[in-house]
Every structure is written in C-alpha cells, then in structure tokens.
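Participant: Contents of data26.cif (mmCIF, C-alpha atoms):
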```cif
data_model
loop_
_atom_site.group_PDB
_atom_site.id
_atom_site.type_symbol
_atom_site.label_atom_id
_atom_site.label_comp_id
_atom_site.auth_asym_id
_atom_site.auth_seq_id
_atom_site.Cartn_x
_atom_site.Cartn_y
_atom_site.Cartn_z
ATOM 1 C CA MET A 95 0.000 0.000 0.000
ATOM 2 C CA TYR A 96 1.262 3.451 -0.959
ATOM 3 C CA ALA A 97 0.238 6.805 0.414
ATOM 4 C CA ASP A 98 -2.392 8.739 -1.465
ATOM 5 C CA PRO A 99 -1.573 12.491 -1.643
ATOM 6 C CA HIS A 100 -5.255 13.359 -1.207
ATOM 7 C CA ALA A 101 -5.413 11.174 1.899
ATOM 8 C CA ASN A 102 -2.282 12.845 3.246
ATOM 9 C CA LEU A 103 -3.835 16.267 2.698
ATOM 10 C CA SER A 104 -7.043 15.196 4.465
ATOM 11 C CA THR A 105 -5.034 13.846 7.394
ATOM 12 C CA PHE A 106 -3.092 17.105 7.599
ATOM 13 C CA LEU A 107 -6.276 19.199 7.594
ATOM 14 C CA ARG A 108 -7.847 16.998 10.291
ATOM 15 C CA SER A 109 -4.722 17.405 12.421
ATOM 16 C CA ILE A 110 -4.913 21.191 12.157
ATOM 17 C CA THR A 111 -8.607 21.380 13.006
ATOM 18 C CA ALA A 112 -8.006 19.282 16.128
ATOM 19 C CA TYR A 113 -6.346 22.357 17.726
ATOM 20 C CA PRO A 114 -8.030 25.666 18.635
ATOM 21 C CA TRP A 115 -7.899 28.138 15.747
ATOM 22 C CA TRP A 116 -5.984 30.711 17.772
ATOM 23 C CA GLN A 117 -3.158 28.244 18.501
ATOM 24 C CA VAL A 118 -2.833 27.447 14.802
ATOM 25 C CA ALA A 119 -2.867 31.175 13.967
ATOM 26 C CA ILE A 120 -0.125 31.933 16.515
ATOM 27 C CA GLN A 121 2.074 29.130 15.187
ATOM 28 C CA LEU A 122 1.620 30.267 11.581
ATOM 29 C CA VAL A 123 2.448 33.874 12.533
ATOM 30 C CA LEU A 124 5.582 32.765 14.396
ATOM 31 C CA ILE A 125 6.738 30.699 11.434
ATOM 32 C CA GLY A 126 6.059 33.640 9.118
ATOM 33 C CA VAL A 127 8.032 36.013 11.355
ATOM 34 C CA VAL A 128 11.025 33.665 11.435
ATOM 35 C CA VAL A 129 10.975 33.206 7.643
ATOM 36 C CA PHE A 130 10.640 36.980 7.114
ATOM 37 C CA TRP A 131 13.529 37.688 9.503
ATOM 38 C CA VAL A 132 15.779 35.149 7.791
ATOM 39 C CA ILE A 133 15.022 36.521 4.311
ATOM 40 C CA ARG A 134 15.492 40.120 5.444
ATOM 41 C CA PHE A 135 18.753 39.264 7.219
ATOM 42 C CA LEU A 136 20.123 37.523 4.140
ATOM 43 C CA GLU A 137 18.900 40.185 1.711
ATOM 44 C CA GLY A 138 21.760 41.612 -0.320
ATOM 45 C CA THR A 139 24.223 38.862 0.667
ATOM 46 C CA ARG A 140 25.453 35.798 -1.140
ATOM 47 C CA GLY A 141 23.389 33.756 1.325
ATOM 48 C CA VAL A 142 20.094 34.832 -0.237
ATOM 49 C CA ARG A 143 21.192 33.494 -3.635
ATOM 50 C CA MET A 144 22.150 30.171 -2.074
ATOM 51 C CA LEU A 145 18.849 30.071 -0.208
ATOM 52 C CA LYS A 146 16.928 30.526 -3.458
ATOM 53 C CA GLY A 147 18.962 27.764 -5.106
ATOM 54 C CA ILE A 148 18.391 25.407 -2.180
ATOM 55 C CA ALA A 149 14.648 26.145 -2.260
ATOM 56 C CA VAL A 150 14.489 25.303 -5.982
ATOM 57 C CA ILE A 151 16.384 22.049 -5.428
ATOM 58 C CA LEU A 152 14.226 20.960 -2.482
ATOM 59 C CA ILE A 153 10.972 21.736 -4.277
ATOM 60 C CA SER A 154 12.155 19.854 -7.374
ATOM 61 C CA LEU A 155 13.250 16.861 -5.293
ATOM 62 C CA TYR A 156 9.948 16.835 -3.422
ATOM 63 C CA LEU A 157 8.000 16.724 -6.696
ATOM 64 C CA ILE A 158 10.231 13.938 -8.033
ATOM 65 C CA VAL A 159 9.935 11.898 -4.838
ATOM 66 C CA SER A 160 6.155 12.356 -4.750
ATOM 67 C CA LEU A 161 5.988 11.080 -8.330
ATOM 68 C CA ALA A 162 8.282 8.161 -7.499
ATOM 69 C CA ARG A 163 6.247 7.180 -4.437
ATOM 70 C CA ASN A 164 2.727 7.472 -5.824
ATOM 71 C CA VAL A 165 3.207 6.587 -9.498
ATOM 72 C CA LEU A 166 6.416 4.631 -9.985
ATOM 73 C CA HIS A 167 6.409 3.047 -6.493
ATOM 74 C CA LEU A 168 10.156 3.565 -6.046
ATOM 75 C CA GLU A 169 10.418 3.315 -2.282
ATOM 76 C CA PRO A 170 14.262 3.131 -2.257
ATOM 77 C CA LEU A 171 14.319 6.620 -3.808
ATOM 78 C CA VAL A 172 12.095 7.881 -0.983
ATOM 79 C CA PHE A 173 14.510 6.372 1.553
ATOM 80 C CA LEU A 174 17.465 8.101 -0.126
ATOM 81 C CA TYR A 175 15.554 11.413 -0.155
ATOM 82 C CA GLU A 176 14.968 11.245 3.595
ATOM 83 C CA LYS A 177 18.673 10.575 4.205
ATOM 84 C CA LEU A 178 19.550 13.460 1.873
ATOM 85 C CA LEU A 179 17.436 15.835 3.956
ATOM 86 C CA LEU A 180 19.254 14.727 7.103
ATOM 87 C CA PHE A 181 22.624 15.330 5.442
ATOM 88 C CA ALA A 182 21.468 18.686 4.016
ATOM 89 C CA SER A 183 20.589 20.004 7.483
ATOM 90 C CA PHE A 184 24.237 19.580 8.517
ATOM 91 C CA ALA A 185 25.522 20.920 5.207
ATOM 92 C CA LEU A 186 23.439 24.098 5.602
ATOM 93 C CA ALA A 187 25.136 24.875 8.904
ATOM 94 C CA VAL A 188 28.505 24.751 7.109
ATOM 95 C CA VAL A 189 27.371 26.672 4.014
ATOM 96 C CA PHE A 190 25.736 29.455 6.022
ATOM 97 C CA GLN A 191 28.472 29.633 8.657
ATOM 98 C CA PRO A 192 29.410 33.298 7.889
ATOM 99 C CA GLU A 193 25.764 34.390 7.994
ATOM 100 C CA LEU A 194 25.113 32.492 11.244
ATOM 101 C CA ARG A 195 28.211 34.016 12.838
ATOM 102 C CA ARG A 196 27.124 37.496 11.733
ATOM 103 C CA ALA A 197 23.622 36.928 13.133
ATOM 104 C CA LEU A 198 25.013 35.871 16.525
ATOM 105 C CA MET A 199 27.333 38.890 16.575
ATOM 106 C CA ARG A 200 24.407 41.218 15.857
ATOM 107 C CA LEU A 201 22.400 39.587 18.630
ATOM 108 C CA GLY A 202 25.244 40.167 21.048
ATOM 109 C CA GLU A 203 25.491 43.821 20.005
ATOM 110 C CA THR A 204 21.865 44.671 20.833
ATOM 111 C CA ARG A 205 21.042 46.957 23.730
ATOM 112 C CA LEU A 206 19.574 44.000 25.599
ATOM 113 C CA PHE A 207 23.116 42.674 26.140
ATOM 114 C CA ARG A 208 25.186 45.836 26.061
ATOM 115 C CA GLY A 209 23.004 47.949 28.299
ATOM 116 C CA TRP A 210 21.467 51.276 27.463
ATOM 117 C CA SER A 211 24.088 53.452 29.165
ATOM 118 C CA HIS A 212 26.963 51.930 27.190
ATOM 119 C CA GLN A 213 25.075 52.304 23.921
ATOM 120 C CA ILE A 214 24.064 55.926 24.505
ATOM 121 C CA ASN A 215 27.612 56.862 25.496
ATOM 122 C CA GLU A 216 28.890 55.478 22.203
ATOM 123 C CA ASP A 217 26.205 57.413 20.300
ATOM 124 C CA ILE A 218 27.035 60.644 22.124
ATOM 125 C CA GLU A 219 30.744 60.281 21.380
ATOM 126 C CA GLN A 220 30.029 59.881 17.661
ATOM 127 C CA LEU A 221 27.734 62.932 17.685
ATOM 128 C CA VAL A 222 30.250 65.085 19.576
ATOM 129 C CA GLU A 223 33.077 64.004 17.288
ATOM 130 C CA SER A 224 31.058 64.906 14.198
ATOM 131 C CA ALA A 225 29.877 68.259 15.603
ATOM 132 C CA THR A 226 33.472 69.160 16.523
ATOM 133 C CA PHE A 227 34.707 68.254 13.030
ATOM 134 C CA LEU A 228 31.987 70.337 11.361
ATOM 135 C CA SER A 229 32.492 73.262 13.753
ATOM 136 C CA ARG A 230 36.246 73.533 13.145
ATOM 137 C CA ARG A 231 35.707 73.616 9.382
ATOM 138 C CA LYS A 232 32.581 75.798 9.507
ATOM 139 C CA ILE A 233 30.450 73.180 7.780
ATOM 140 C CA GLY A 234 26.727 73.386 8.512
ATOM 141 C CA GLY A 235 25.098 70.417 10.231
ATOM 142 C CA LEU A 236 21.608 69.575 11.462
ATOM 143 C CA ILE A 237 20.928 66.350 13.405
ATOM 144 C CA ALA A 238 17.664 65.387 15.137
ATOM 145 C CA ILE A 239 17.948 62.640 17.752
ATOM 146 C CA GLU A 240 14.682 60.763 18.164
ATOM 147 C CA ARG A 241 13.319 60.125 21.651
ATOM 148 C CA GLU A 242 9.696 59.073 22.314
ATOM 149 C CA VAL A 243 8.047 60.765 19.317
ATOM 150 C CA ASN A 244 8.694 58.901 16.057
ATOM 151 C CA LEU A 245 10.257 61.204 13.447
ATOM 152 C CA SER A 246 9.593 59.088 10.357
ATOM 153 C CA SER A 247 6.576 61.250 9.473
ATOM 154 C CA PHE A 248 8.974 64.156 8.812
ATOM 155 C CA ALA A 249 11.043 62.024 6.434
ATOM 156 C CA GLU A 250 8.475 61.004 3.821
ATOM 157 C CA SER A 251 10.468 62.586 0.965
ATOM 158 C CA ALA A 252 13.903 62.005 2.529
ATOM 159 C CA THR A 253 16.584 59.455 1.741
ATOM 160 C CA ARG A 254 16.511 56.324 3.880
ATOM 161 C CA VAL A 255 19.997 55.502 5.169
ATOM 162 C CA ASN A 256 19.510 52.942 7.986
ATOM 163 C CA ALA A 257 23.201 52.768 8.848
ATOM 164 C CA ASP A 258 25.164 52.567 12.081
ATOM 165 C CA LEU A 259 25.720 55.954 13.690
ATOM 166 C CA SER A 260 29.257 57.127 13.011
ATOM 167 C CA ALA A 261 30.992 60.492 12.891
ATOM 168 C CA ASP A 262 32.580 59.668 9.535
ATOM 169 C CA LEU A 263 29.226 59.020 7.889
ATOM 170 C CA LEU A 264 27.698 62.188 9.355
ATOM 171 C CA ASN A 265 30.664 64.234 8.131
ATOM 172 C CA THR A 266 30.316 62.738 4.672
ATOM 173 C CA ILE A 267 26.606 63.581 4.527
ATOM 174 C CA PHE A 268 27.173 67.218 5.530
ATOM 175 C CA TRP A 269 30.274 67.740 3.401
ATOM 176 C CA PRO A 270 29.751 70.753 1.077
ATOM 177 C CA ASN A 271 28.334 69.992 -2.377
ATOM 178 C CA SER A 272 27.156 66.520 -1.354
ATOM 179 C CA PRO A 273 23.548 65.900 -2.439
ATOM 180 C CA LEU A 274 22.225 65.779 1.151
ATOM 181 C CA HIS A 275 24.343 68.404 2.932
ATOM 182 C CA ASP A 276 21.746 71.212 3.059
ATOM 183 C CA LEU A 277 18.995 69.406 4.970
ATOM 184 C CA GLY A 278 18.782 67.439 8.207
ATOM 185 C CA VAL A 279 19.594 63.962 9.472
ATOM 186 C CA VAL A 280 17.385 61.845 11.746
ATOM 187 C CA VAL A 281 19.082 59.524 14.256
ATOM 188 C CA SER A 282 16.868 56.779 15.688
ATOM 189 C CA GLN A 283 17.863 54.024 18.123
ATOM 190 C CA GLY A 284 21.567 54.449 17.546
ATOM 191 C CA ARG A 285 21.288 54.466 13.744
ATOM 192 C CA ILE A 286 21.239 57.133 11.059
ATOM 193 C CA ALA A 287 17.708 56.514 9.822
ATOM 194 C CA PHE A 288 17.206 59.293 7.246
ATOM 195 C CA ALA A 289 19.190 62.032 5.528
ATOM 196 C CA GLY A 290 18.007 64.953 3.452
ATOM 197 C CA VAL A 291 15.096 65.571 5.833
ATOM 198 C CA GLN A 292 13.204 68.848 5.597
ATOM 199 C CA PHE A 293 12.624 69.949 9.190
ATOM 200 C CA PRO A 294 9.633 72.204 9.983
ATOM 201 C CA LEU A 295 10.669 75.864 10.374
ATOM 202 C CA THR A 296 9.755 77.884 13.427
ATOM 203 C CA GLU A 297 8.350 81.394 13.013
ATOM 204 C CA SER A 298 11.090 83.917 12.197
ATOM 205 C CA GLY A 299 10.205 86.067 15.218
ATOM 206 C CA GLU A 300 10.954 83.207 17.637
ATOM 207 C CA THR A 301 14.696 83.127 16.926
ATOM 208 C CA GLU A 302 17.369 85.807 16.911
ATOM 209 C CA ARG A 303 17.672 87.734 13.667
ATOM 210 C CA GLU A 304 21.237 86.709 12.898
ATOM 211 C CA LEU A 305 20.284 83.025 12.929
ATOM 212 C CA GLY A 306 19.500 81.427 9.577
ATOM 213 C CA SER A 307 17.144 78.745 8.316
ATOM 214 C CA ARG A 308 19.195 75.892 9.768
ATOM 215 C CA HIS A 309 18.667 77.165 13.327
ATOM 216 C CA ARG A 310 14.989 77.883 12.605
ATOM 217 C CA ALA A 311 14.635 74.306 11.390
ATOM 218 C CA ALA A 312 16.298 72.993 14.554
ATOM 219 C CA VAL A 313 13.956 74.970 16.818
ATOM 220 C CA GLY A 314 10.957 74.034 14.664
ATOM 221 C CA MET A 315 11.710 70.314 14.924
ATOM 222 C CA SER A 316 12.124 70.607 18.699
ATOM 223 C CA GLN A 317 8.712 72.325 18.870
ATOM 224 C CA GLU A 318 6.962 69.727 16.714
ATOM 225 C CA SER A 319 8.479 66.744 18.559
ATOM 226 C CA ASP A 320 10.486 65.849 21.659
ATOM 227 C CA ALA A 321 13.660 65.385 19.615
ATOM 228 C CA VAL A 322 17.026 66.779 20.682
ATOM 229 C CA VAL A 323 18.446 68.676 17.703
ATOM 230 C CA ILE A 324 22.135 69.494 17.194
ATOM 231 C CA VAL A 325 22.867 72.374 14.825
ATOM 232 C CA VAL A 326 26.261 73.621 13.620
ATOM 233 C CA SER A 327 26.442 77.082 12.106
ATOM 234 C CA GLU A 328 27.970 77.348 8.647
ATOM 235 C CA GLU A 329 28.885 81.029 9.199
ATOM 236 C CA THR A 330 30.456 80.913 12.673
ATOM 237 C CA GLY A 331 30.993 77.223 13.406
ATOM 238 C CA ASP A 332 29.034 77.576 16.658
ATOM 239 C CA ILE A 333 27.469 74.402 18.054
ATOM 240 C CA SER A 334 23.952 74.671 19.461
ATOM 241 C CA ILE A 335 21.211 72.388 20.754
ATOM 242 C CA ALA A 336 17.475 72.895 20.317
ATOM 243 C CA GLU A 337 15.133 71.181 22.755
ATOM 244 C CA SER A 338 11.486 71.915 23.591
ATOM 245 C CA GLY A 339 11.554 75.024 21.411
ATOM 246 C CA LYS A 340 14.604 76.512 23.149
ATOM 247 C CA LEU A 341 18.018 77.049 21.572
ATOM 248 C CA ILE A 342 21.182 76.664 23.665
ATOM 249 C CA ARG A 343 24.037 78.270 21.743
ATOM 250 C CA LYS A 344 27.836 78.350 21.575
ATOM 251 C CA LEU A 345 28.538 74.998 23.197
ATOM 252 C CA THR A 346 32.027 73.572 23.578
ATOM 253 C CA PRO A 347 32.505 69.863 22.788
ATOM 254 C CA ASP A 348 32.577 69.055 26.509
ATOM 255 C CA ALA A 349 29.420 71.106 27.156
ATOM 256 C CA LEU A 350 27.723 69.404 24.202
ATOM 257 C CA ARG A 351 28.638 65.974 25.576
ATOM 258 C CA GLY A 352 27.293 66.779 29.035
ATOM 259 C CA LEU A 353 24.074 68.311 27.723
ATOM 260 C CA LEU A 354 23.402 65.385 25.377
ATOM 261 C CA ASN A 355 23.990 62.953 28.210
ATOM 262 C CA GLU A 356 21.535 64.851 30.427
ATOM 263 C CA LEU A 357 18.809 65.275 27.784
ATOM 264 C CA LEU A 358 18.983 61.762 26.349
ATOM 265 C CA SER A 359 19.133 60.180 29.813
ATOM 266 C CA ARG A 360 16.049 62.167 30.788
ATOM 267 C CA GLY A 361 14.247 60.954 27.692
ATOM 268 C CA GLN A 362 15.173 57.356 28.412
ATOM 269 C CA LEU A 363 13.934 57.577 31.991
ATOM 270 C CA ALA A 364 10.627 59.019 30.770
ATOM 271 C CA SER A 365 10.243 56.117 28.338
ATOM 272 C CA GLU A 366 10.922 53.554 31.058
ATOM 273 C CA ARG A 367 8.387 55.168 33.416
ATOM 274 C CA LYS A 368 5.783 55.254 30.644
ATOM 275 C CA ALA A 369 6.382 51.572 29.874
ATOM 276 C CA ALA A 370 6.151 50.666 33.577
ATOM 277 C CA ALA A 371 2.857 52.543 33.925
#
```
Would you mind giving the structure from this file in structure tokens?
Facilitator:
Amino acid sequence: MYADPHANLSTFLRSITAYPWWQVAIQLVLIGVVVFWVIRFLEGTRGVRMLKGIAVILISLYLIVSLARNVLHLEPLVFLYEKLLLFASFALAVVFQPELRRALMRLGETRLFRGWSHQINEDIEQLVESATFLSRRKIGGLIAIEREVNLSSFAESATRVNADLSADLLNTIFWPNSPLHDLGVVVSQGRIAFAGVQFPLTESGETERELGSRHRAAVGMSQESDAVVIVVSEETGDISIAESGKLIRKLTPDALRGLLNELLSRGQLASERKAAA
C-alpha cells in the first residue's frame, strides 16, 4: 500500500482542526516572522542566492519523490531522499556559517546585552566628534535625535539611510556639495535613519535675527516633537542644541557631551516610566 496524496492532505487538515484556531494562527504567525527575519537578514548577501537555489532544489526533489512514491512506487528513492534531507541540514550549517556568525554577533550587540548606558555613550561620542569636526571647518550640520516621538513622518520625501551611527558618515553627509548636505539627518535608536530631511521651520520672530534657516529648522523640529536637535552654524561654526523650542548656543565639545547625556538620559527615563505605567 502506498500513500495517497489526497489522503495525506485530508489527514493534515484533520490534524490542524483538532487544535483551537488561535493556537494554529499563533504558530503560523511565528513561522512567518522567522521566515521573514531570515530573508530580510540575508537580503543583499550571497546567502540569499544560495537560499533561493536550495529552495528550488528541495521543491524539485519533493516533486520527483512524490511522483516516485505514488506513481512509480520507487520506495528506495524515498529512503534516499529522507537521508539526503538529514545530510542537508548539517551541510546548511557549514554553508551558512558566515551568515550564522554574523547573526550571533548582531544579537550580542543589541542593547539588551550591552546595556542602554553603554550604547548611549557610544552614540554621544560619535555625535560630539562629528559636531566638533563640522564646527572647526565651519560646515553646517543639522541632526535630530529621536526620543519618544517617532520622526519618520517628517522624512516622507527624505533618503533612507539605515546605517550605524558614526561620525565619519555624518561628516560625509554634511560635506559641502554633497547631495544631502543642506537638509537634516534623523538619528533613531543608535542608527542614522534618514538624511536629506526637511525639518519644519519655526516662526522667524521666535529666533534671533542673525540666525539662519538651519537654526529655525532645529527649533521648529524641537517644537513639533520631543527630539534633541544638534545644529552647527555654517557662518560661525558655533554648536547649538534645540530642545522643547529653546536654543542653547555656543557649546564647547565638553558642554555638548554633558548636555546630550543629560537630555537623552532624561528621555530614556521618561520612556521607562511610561512603559512601567
């Protein structure tokens, strides 16, 4: 006696209906999330090409084995297919070794393991280093650091970057004559999320007359959200911070570091209290 594919399908459907629908739904969602995460993680790497090739091979083998079992009755081929799957599971671990190592390294780098204070200190150092570089060369800069209010709504027509926060990348973005140097950058969760962002401008009467559109944009963003905004003047090289509609001007690198630490720590504590409530 050989298995009938229709009988197998009926058995499978009966097995599913034996469980509550919500348990089946949760399991399917979890499987979908894992598959989505794997595909997204491998996107743009050589691993995604191998994954596609492996999927084609497995689907083809499954169709061949189903034909051999139900039409040609070649049970030895089915036995070999099952052994091949067992061998392939070990082979995949070897083939995807670089991707698996990279995934484990990323997991170890998350804030869950590093701690928030260590992460925010690294972010602040990169921001201070970039602001100092821009200030010494009188290159304009405008950086909004996201806190509780999501800033993606301000970046609908901006350029998505989604890169690790680094002073070198910020300096490259703001370098004169680069395509994105005139507008702002949004930093979210330790990453440069968007560049070329048009910040909302505050009313001209709410800032000092000698300040230009970059400072007005910094104050405007701090009024429209709870973001902390760093602005570097292109004319004087002065470093300033806008927060809650107020502009704190002419900061030294050390003063900038201390103020960022105070403001971002305050924002983190507010988030934790809100989550606890």
Participant: I'd like to know which of A:Val322, A:Val281, A:Ala336, A:Ile151 is closest to Arg310 (chain A), using all atoms listed in the file.
Facilitator: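 Among the listed residues, A:Ala336 lies closest to Arg310 (chain A).
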Participant: So which residues get picked by the PyMOL selection byres ((chain A and resi 316) around 9) here, written as a PyMOL selection string?
Facilitator: chain A and resi 238+311-315+317-323+336-340
Participant: So the first atom is CA of Val222 (chain A) and the second is CA of Pro347 (chain A); what is the distance between them in Å, to one decimal place?
Facilitator: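 CA of Pro347 (chain A) lies at a distance of 6.2 Å from CA of Val222 (chain A).
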Participant: In Å to one decimal, how far is CA of Thr253 (chain A) from CA of Asn355 (chain A)?
Facilitator: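 These two atoms are separated by 27.7 Å.
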Participant: Please, what distance in Å, to one decimal, runs between CA of Val255 (chain A) and CA of Thr226 (chain A)?
Facilitator: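 For CA of Val255 (chain A) relative to CA of Thr226 (chain A), the distance reads 22.3 Å.
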Participant: Hey, which of A:Asp258, A:Glu216, A:Asp332, A:Glu250 ends up closest to Phe293 (chain A)? Count all atoms listed in the file.
Facilitator: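 Nearest to Phe293 (chain A): A:Glu250.
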Participant: Mind checking which residues fall within 8 Å of Asn265 (chain A), counting all atoms listed in the file, ignoring those fewer than 6 positions away in the same chain, and posting them as an mmCIF file with C-alpha atoms, in the frame of the given file?
Facilitator:
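The resulting out-v5.cif:
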```
data_model
loop_
_atom_site.group_PDB
_atom_site.id
_atom_site.type_symbol
_atom_site.label_atom_id
_atom_site.label_comp_id
_atom_site.auth_asym_id
_atom_site.auth_seq_id
_atom_site.Cartn_x
_atom_site.Cartn_y
_atom_site.Cartn_z
ATOM 1 C CA SER A 224 31.058 64.906 14.198
ATOM 2 C CA PHE A 227 34.707 68.254 13.030
ATOM 3 C CA LEU A 228 31.987 70.337 11.361
#
```
Participant: Given only C-alpha atoms as the basis, pick out the residue of A:Gln220, A:Asn271, A:Gln292, A:Ser307 nearest to Leu354 (chain A).
Facilitator: A:Gln220
Participant: Suppose a student applies the PyMOL selection byres ((chain A and resi 236) around 10) to this structure; what residues should they get, written as a PDB file with C-alpha atoms, keeping the file's coordinate frame?
Facilitator:
```
ATOM      1  CA  ALA A 225      29.877  68.259  15.603  1.00  0.00           C
ATOM      2  CA  GLY A 234      26.727  73.386   8.512  1.00  0.00           C
ATOM      3  CA  GLY A 235      25.098  70.417  10.231  1.00  0.00           C
ATOM      4  CA  ILE A 237      20.928  66.350  13.405  1.00  0.00           C
ATOM      5  CA  ALA A 238      17.664  65.387  15.137  1.00  0.00           C
ATOM      6  CA  LEU A 264      27.698  62.188   9.355  1.00  0.00           C
ATOM      7  CA  PHE A 268      27.173  67.218   5.530  1.00  0.00           C
ATOM      8  CA  HIS A 275      24.343  68.404   2.932  1.00  0.00           C
ATOM      9  CA  ASP A 276      21.746  71.212   3.059  1.00  0.00           C
ATOM     10  CA  LEU A 277      18.995  69.406   4.970  1.00  0.00           C
ATOM     11  CA  GLY A 278      18.782  67.439   8.207  1.00  0.00           C
ATOM     12  CA  VAL A 279      19.594  63.962   9.472  1.00  0.00           C
ATOM     13  CA  VAL A 280      17.385  61.845  11.746  1.00  0.00           C
ATOM     14  CA  ALA A 289      19.190  62.032   5.528  1.00  0.00           C
ATOM     15  CA  GLY A 290      18.007  64.953   3.452  1.00  0.00           C
ATOM     16  CA  VAL A 291      15.096  65.571   5.833  1.00  0.00           C
ATOM     17  CA  PHE A 293      12.624  69.949   9.190  1.00  0.00           C
ATOM     18  CA  ARG A 308      19.195  75.892   9.768  1.00  0.00           C
ATOM     19  CA  HIS A 309      18.667  77.165  13.327  1.00  0.00           C
ATOM     20  CA  ALA A 311      14.635  74.306  11.390  1.00  0.00           C
ATOM     21  CA  ALA A 312      16.298  72.993  14.554  1.00  0.00           C
ATOM     22  CA  VAL A 323      18.446  68.676  17.703  1.00  0.00           C
ATOM     23  CA  ILE A 324      22.135  69.494  17.194  1.00  0.00           C
ATOM     24  CA  VAL A 325      22.867  72.374  14.825  1.00  0.00           C
ATOM     25  CA  VAL A 326      26.261  73.621  13.620  1.00  0.00           C
ATOM     26  CA  SER A 327      26.442  77.082  12.106  1.00  0.00           C
ATOM     27  CA  SER A 334      23.952  74.671  19.461  1.00  0.00           C
ATOM     28  CA  ILE A 335      21.211  72.388  20.754  1.00  0.00           C
TER      29      ILE A 335
END
```
Participant: Under the rule that only C-alpha atoms are counted, which of A:Ile148, A:Arg230, A:Ile218, A:Ala287 is the nearest residue to Ala252 (chain A)?
Facilitator: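 Under the stated criterion, the closest residue is A:Ala287.
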